[in-house]
Amino acid sequence: MHPILLGIAGHAVQSNGMMYFLATIVAWAFAVRAARRNGWNPQDVLPGLVLVVVAAYIGARLHGATLVEGHFPTDPLRKLLRPHGLSFFGGLATGALAALGYLRWQRWPVGKAADALVPIAPVLYAMFRLGCFLNGDDYGPVTSMPWGIRFPAGSPPTAARVHPTQLYEIALMVPVFAWIWTRRDPPLPPGALSCELCIVMGAERFVAEFWRLGDRIAAGLTASQWLALALVAVGLAGRYVTARRSAP
C-alpha cells in the first residue's frame with residue numbers, strides 16, 4: 001500500500017485521491033467519445049460530469065457519516081471535509097440522480113444516453129477500489145489465507161493479515177465489464193443496459209460484502225447487502241419495464 005503517492009510544494013498527494021482524479025478523466029474521455037458517436041454536443045459533457053462528481057461526493061460523504069453515526073450527521077458540512085468515510089451507495093444514488101436530471105435538462109434521450117455511458121462504470125469502480133487498496137482502507141476481516149495482506153498504515157491500521165477485499169472487487173469487475181460490453185450489440189431497448197448494470201453490480205456488491213467488515217443488521221446480512229439487493233430489485237424492475245415497452 002502507498003497512502004501517500006507524492007508530495008507537491010509540501011502537500012501530500014494521496015493515492016486514493018489520485019485514482020479518483022484519474023477515474024474522472026477516464027469518465028470524461030469516454031463520455032465525450034460516446035457523445036460524438038451519437039451526434040450529441042460533446043461540450044455538454046464537462047458541466048454534467050462536474051455536477052455528477054460533486055453530487056456523488058456529497059452523497060458518499062453524508063451516507064458514509066450516517067452509517068458510522070447511526071443517524072444523519074448534525075454537522076454535515078464538517079463531514080464533507082473529512083478525508084475518509086465514503087459510501088458507495090450514497091454516491092451512487094446522488095450521482096445517478098444528478099446524471100439523469102442533467103440528461104433530461106439537456107434534452108438528450110435519457111435511456112439511450114445512459115446506456116451509452118454505463119459500459120465505463122465497472123472500469124471506474126475498479127479504479128476506485130484500487131485507490132482504497134493503496135490507501136489501506138475498506139479491507140475485510142482477518143484471514144489465514146496465504147494471500148492475506150497487512151495494512152500497518154491503513155485506515156484504520158491493522159497488523160493482522162486480512163482479506164484484500166478491494167482486490168476481490170477489482171477481479172469481480174472483469175466479468176461485470178465483459179457482460180455489459182458484450183450486451184451493447186445488438187442494441188437493447190433504451191435503458192435496458194443501465195438496468196442490467198444495476199443487476200450485476202448489485203449482485204457483485206452483495207457477494208463481496210461477505211468478505212468485508214460490517215455489522216449484520218437483519219437476517220444475517222449487512223446494511224450494504226440489503227442496499228445491494230435493493231439495487232438488484234431496481235434493475236430487475238427496470239429491465240421488466242423496458243422489455244414490456246419494446247414488446248410488439
# chains A, B, ... in the order shown; residues from 1 in each chain; ligands from 1
call {"tool": "residues_around", "arguments": {"residues": "Val176 in chain A", "least_positions_apart": "6", "cutoff": "10 Å", "atoms": "only C-alpha atoms", "output": "VMD selection string"}}
result
chain A and resid 119 121 to 123 196 to 197 199 to 201 203 to 204
call {"tool": "residues_around", "arguments": {"residues": "Val207 in chain A", "least_positions_apart": "3", "cutoff": "12 Å", "atoms": "only C-alpha atoms", "output": "ChimeraX atom specification"}}
result
/A:165,168-169,172,200-204,210-212,221-222,224-226,228-229
call {"tool": "closest_residue", "arguments": {"among": "A:Cys195, A:Leu227, A:Val234, A:Ala113", "to": "Glu209 in chain A", "atoms": "only C-alpha atoms"}}
result
A:Leu227
call {"tool": "residues_around", "arguments": {"residues": "Asn41 in chain A", "least_positions_apart": "5", "cutoff": "10 Å", "atoms": "only C-alpha atoms", "output": "PyMOL selection string"}}
result
chain A and resi 32+35-36+106+108
call {"tool": "write_last_selection", "arguments": {"atoms": "N, CA and C atoms", "output": "CSV table (one decimal), in the first residue's frame"}}
result
chain,number,residue,atom,x,y,z
A,32,VAL,N,-17.2,11.9,-23.8
A,32,VAL,CA,-17.0,12.7,-25.0
A,32,VAL,C,-17.1,11.8,-26.2
A,35,ALA,N,-20.7,10.8,-26.8
A,35,ALA,CA,-21.5,11.9,-27.3
A,35,ALA,C,-21.2,12.1,-28.8
A,36,ARG,N,-20.0,12.1,-29.2
A,36,ARG,CA,-19.6,12.3,-30.7
A,36,ARG,C,-20.2,11.2,-31.5
A,106,GLN,N,-30.7,18.6,-20.6
A,106,GLN,CA,-30.0,18.8,-21.9
A,106,GLN,C,-30.9,18.3,-23.1
A,108,TRP,N,-31.2,15.3,-23.9
A,108,TRP,CA,-30.7,14.0,-24.5
A,108,TRP,C,-31.7,12.9,-24.2
call {"tool": "closest_residue", "arguments": {"among": "A:Val52, A:Ile170, A:Leu124, A:Ala208", "to": "Gly101 in chain A", "atoms": "only C-alpha atoms"}}
result
A:Val52
call {"tool": "residues_around", "arguments": {"residues": "Arg129 in chain A", "least_positions_apart": "2", "cutoff": "9 Å", "atoms": "only C-alpha atoms", "output": "CSV table (one decimal) with N, CA and C atoms, in the first residue's frame"}}
result
chain,number,residue,atom,x,y,z
A,16,ASN,N,-5.4,7.4,-3.1
A,16,ASN,CA,-6.9,7.3,-3.5
A,16,ASN,C,-7.4,8.5,-4.2
A,19,MET,N,-6.3,8.4,-7.7
A,19,MET,CA,-7.1,7.4,-8.5
A,19,MET,C,-8.5,8.0,-8.8
A,124,LEU,N,-14.4,2.3,-13.8
A,124,LEU,CA,-14.3,3.4,-12.8
A,124,LEU,C,-14.4,2.8,-11.4
A,125,TYR,N,-15.3,1.9,-11.2
A,125,TYR,CA,-15.4,1.3,-9.9
A,125,TYR,C,-14.1,0.5,-9.5
A,126,ALA,N,-13.5,-0.2,-10.5
A,126,ALA,CA,-12.3,-0.9,-10.2
A,126,ALA,C,-11.2,0.1,-9.9
A,127,MET,N,-11.1,1.3,-10.5
A,127,MET,CA,-10.2,2.3,-10.2
A,127,MET,C,-10.4,2.9,-8.8
A,131,GLY,N,-7.8,2.6,-5.5
A,131,GLY,CA,-7.5,3.7,-4.6
A,131,GLY,C,-7.7,3.3,-3.2
A,132,CYS,N,-8.7,2.6,-2.9
A,132,CYS,CA,-8.9,2.1,-1.5
A,132,CYS,C,-7.8,1.1,-1.1
A,133,PHE,N,-7.4,0.3,-2.0
A,133,PHE,CA,-6.3,-0.7,-1.6
A,133,PHE,C,-5.0,0.1,-1.3
A,134,LEU,N,-4.7,1.0,-2.2
A,134,LEU,CA,-3.4,1.8,-2.0
A,134,LEU,C,-3.5,2.6,-0.7
A,138,ASP,N,-11.1,0.0,3.8
A,138,ASP,CA,-12.2,-0.9,3.2
A,138,ASP,C,-11.7,-2.3,3.0
A,165,THR,N,-10.2,-7.2,0.3
A,165,THR,CA,-11.5,-7.2,-0.4
A,165,THR,C,-11.5,-6.2,-1.6
A,166,GLN,N,-10.6,-5.2,-1.5
A,166,GLN,CA,-10.6,-4.3,-2.6
A,166,GLN,C,-10.1,-5.0,-3.9
A,167,LEU,N,-9.1,-5.9,-3.7
A,167,LEU,CA,-8.6,-6.7,-4.9
A,167,LEU,C,-9.7,-7.7,-5.4
A,169,GLU,N,-12.9,-7.2,-5.4
A,169,GLU,CA,-13.9,-6.5,-6.1
A,169,GLU,C,-13.3,-6.0,-7.5
A,170,ILE,N,-12.0,-5.7,-7.5
A,170,ILE,CA,-11.4,-5.4,-8.8
A,170,ILE,C,-11.5,-6.6,-9.8
call {"tool": "closest_residue", "arguments": {"among": "A:Leu86, A:Val50, A:Ala93, A:Ala29", "to": "Gly17 in chain A", "atoms": "only C-alpha atoms"}}
result
A:Leu86
call {"tool": "residues_around", "arguments": {"residues": "Ala160 in chain A", "least_positions_apart": "6", "cutoff": "8 Å", "atoms": "only C-alpha atoms", "output": "PyMOL selection string"}}
result
chain A and resi 142+149-151
call {"tool": "residues_around", "arguments": {"residues": "Ala237 in chain A", "least_positions_apart": "2", "cutoff": "12 Å", "atoms": "only C-alpha atoms", "output": "list in words"}}
result
Gly191, Ala192, Ser194, Cys195, Glu196, Cys198, Ile199, Ala230, Leu231, Val232, Ala233, Val234, Gly235, Arg239, Tyr240, Val241, Thr242, Ala243 and Arg244 of chain A
call {"tool": "residues_around", "arguments": {"residues": "Thr143 in chain A", "least_positions_apart": "2", "cutoff": "7 Å", "atoms": "only C-alpha atoms", "output": "PyMOL selection string"}}
result
chain A and resi 141+145+148+161-163
call {"tool": "select_by_dssp", "arguments": {"residues": "range 131-170 of chain A", "states": "strand (DSSP E)", "output": "list in words"}}
result
Ile149, Arg150, Phe151, Thr158, Ala159, Ala160, Arg161 and Val162 of chain A
call {"tool": "closest_residue", "arguments": {"among": "A:Asn38, A:Pro190, A:Val174, A:Pro152", "to": "Gly238 in chain A", "atoms": "only C-alpha atoms"}}
result
A:Pro190
call {"tool": "select_by_dssp", "arguments": {"residues": "chain A", "states": "helix (DSSP H, G or I)", "output": "PyMOL selection string"}}
result
chain A and resi 15-38+42-69+76-80+88-105+110-135+165-182+192-211+223-246
